[in-house]
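One structure below.
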Amino acid sequence: MTKLQPAANHSGLDAAAVASGIEPHPAGVIALDPVLAGIWELAAPYLKVRDNDAHTLYAFGLARALLDAHPEADAAVVLPAILLHDTGWSQVPPGDVLAAIAPGGGRPDLVLLHEKEGARLAADILIECRYDRIRIPAILNIIDGHDSRREALSIEDAIVKDADKTWRLSPHGIDTVMDWFGLDRGQALRLCSQRVHGHLFTAEAQAMARALSALESVTLWPQRNACLADLETGAARSRSRA
């Protein structure tokens with residue numbers, strides 16, 4: 001679970017006073033605007049397959065960061081595309097979803113099916129949301145080929161592809177892949193690294209991916225585990241004294 005509340009206040013400072021000095025909208029902190037939130041609400045029921053709903057939101061965050069580095073890209077194409085790109089997995093038999101992307105094999109026919117079905121569902125959702133019809137064809141072209149197509153059609157396509165792949169190396173991505181295939185964290189990290197590095201289009205995504213791999217590597221180091229053990233020992237002593 002993601003830590004949302006503090007376990008302690010080691011500084012002894014008044015937390016409300018510290019919080020009062022925090023900017024409400026610093027660079028890098030993002031949110032869904034009302035139009036995109038409306039698209040998400042319609043897409044979410046189709047994304048409850050193999051944790052695709054959470055995957056989609058994290059990939060959205062990566063895409064938004066990549067857009068900051070590429071002002072020439074059309075965010076009004078990229079962001080709906082990333083929100084809708086995996087809706088098509090809902091149309092693949094549940095027992096076949098993971099077989100479609102399994103290491104050492106896979107089902108390319110099912111990958112293609114989810115892309116085609118995703119484009120179909122995305123068209124319906126965008127029309128229902130009364131989204132800009134001029135941009136809909138570009139969004140659908142990205143979705144229909146986001147996994148199977150080896151080249152990028154545009155900078156918008158490159159950003160969607162890169163955000164989708166780079167998610168695999170995020171903490172949530174590693175957690176998810178572990179449970180998909182019954183791998184320990186080290187195995188999942190190595191699998192995701194070999195499936196991401198060398199397969200990204202933008203220099204910014206390549207840098208993100210390298211950073212995520214490095215951070216995940218450190219979580220596996222014995223030195224890091226020793227730090228955690230020391231923290232647990234200290235917490236246990238504090239509880240015993242109390």
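Here, A, B, ... name the chains of the structure tokens in the order displayed, residue numbers run from 1 inside each chain, and ligands are numbered from 1 in the same displayed order.
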(message) Residues near segment 79-84 of chain A, anyone? I mean within 10 Å using only C-alpha atoms, not counting same-chain ones fewer than 4 positions away, as a VMD selection string.
(response) chain A and resid 32 35 to 37 39 to 40 42 to 44 46 to 47 53 55 to 64 67 74 to 75 88 118 to 119 121 to 123 125 to 126 131 135 to 136 138 to 143 146 156 to 157 159 to 161 163 to 164
(request) Per DSSP on the backbone, filter segment 13-70 of chain A down to the residues in alpha helix (DSSP H) and report them as number ranges by chain. (result) A: 15-20, 34-43, 52-69
(message) Residues within 9 Å of segment 90-95 of chain A, please, as a PyMOL selection string. Count only C-alpha atoms; anything in the same chain fewer than 2 positions from it doesn't count.
(response) chain A and resi 45-50+86-88+97-99+110+113-114+117-118
(request) Write out as a list of chain:residue names which residues come within 10 Å of Pro103 of chain A when counting only C-alpha atoms, dropping same-chain ones fewer than 5 positions away. (result)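 Residues meeting the cut-off are A:Leu98, A:Phe181, A:Leu191, A:Arg195.
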Can you write just those residues out, C-alpha atoms, as an mmCIF file, in the first residue's frame?
```
data_model
loop_
_atom_site.group_PDB
_atom_site.id
_atom_site.type_symbol
_atom_site.label_atom_id
_atom_site.label_comp_id
_atom_site.auth_asym_id
_atom_site.auth_seq_id
_atom_site.Cartn_x
_atom_site.Cartn_y
_atom_site.Cartn_z
ATOM 1 C CA LEU A 98 -1.847 -13.009 -19.640
ATOM 2 C CA PHE A 181 3.919 -14.534 -13.602
ATOM 3 C CA LEU A 191 12.253 -9.101 -17.111
ATOM 4 C CA ARG A 195 11.459 -5.472 -22.217
#
```
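Proximity ranking of A:Ala207, A:Ala102, A:Leu153, A:Leu228 relative to Val177 of chain A places A:Ala102 first, based on only C-alpha atoms.
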(request) With a distance cut-off of 9 Å and only C-alpha atoms, select the neighbouring residues of Val111 of chain A, excluding the residue or stretch itself and same-chain residues fewer than 3 positions from it, and output the selection as a ChimeraX atom specification. (result) /A:89,97,100-101,106-108,114-116,147-148
(message) So that I can see what lies close to Ala209 of chain A, please list as a PyMOL selection string the residues with an atom at most 8 Å from it, counting only C-alpha atoms and leaving out residues fewer than 5 positions away in the same chain.
(response) chain A and resi 166+169+196-197
(message) Here is a test: counting only C-alpha atoms, which residue of A:Ser193, A:Ser11, A:Thr2, A:Ser20 is nearest to Gln206 of chain A?
(response) A:Ser193
(request) In Å, rounded to a single decimal, give me how far atom CA of Gly198 of chain A is from atom CA of Asp162 of chain A. (result)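 About the pair atom CA of Asp162 of chain A and atom CA of Gly198 of chain A: they are 11.0 Å apart.
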(message) I'd like the interatomic distance between atom CA of Thr176 of chain A and atom CA of Ala226 of chain A, to a tenth of an Å.
(response) 25.0 Å
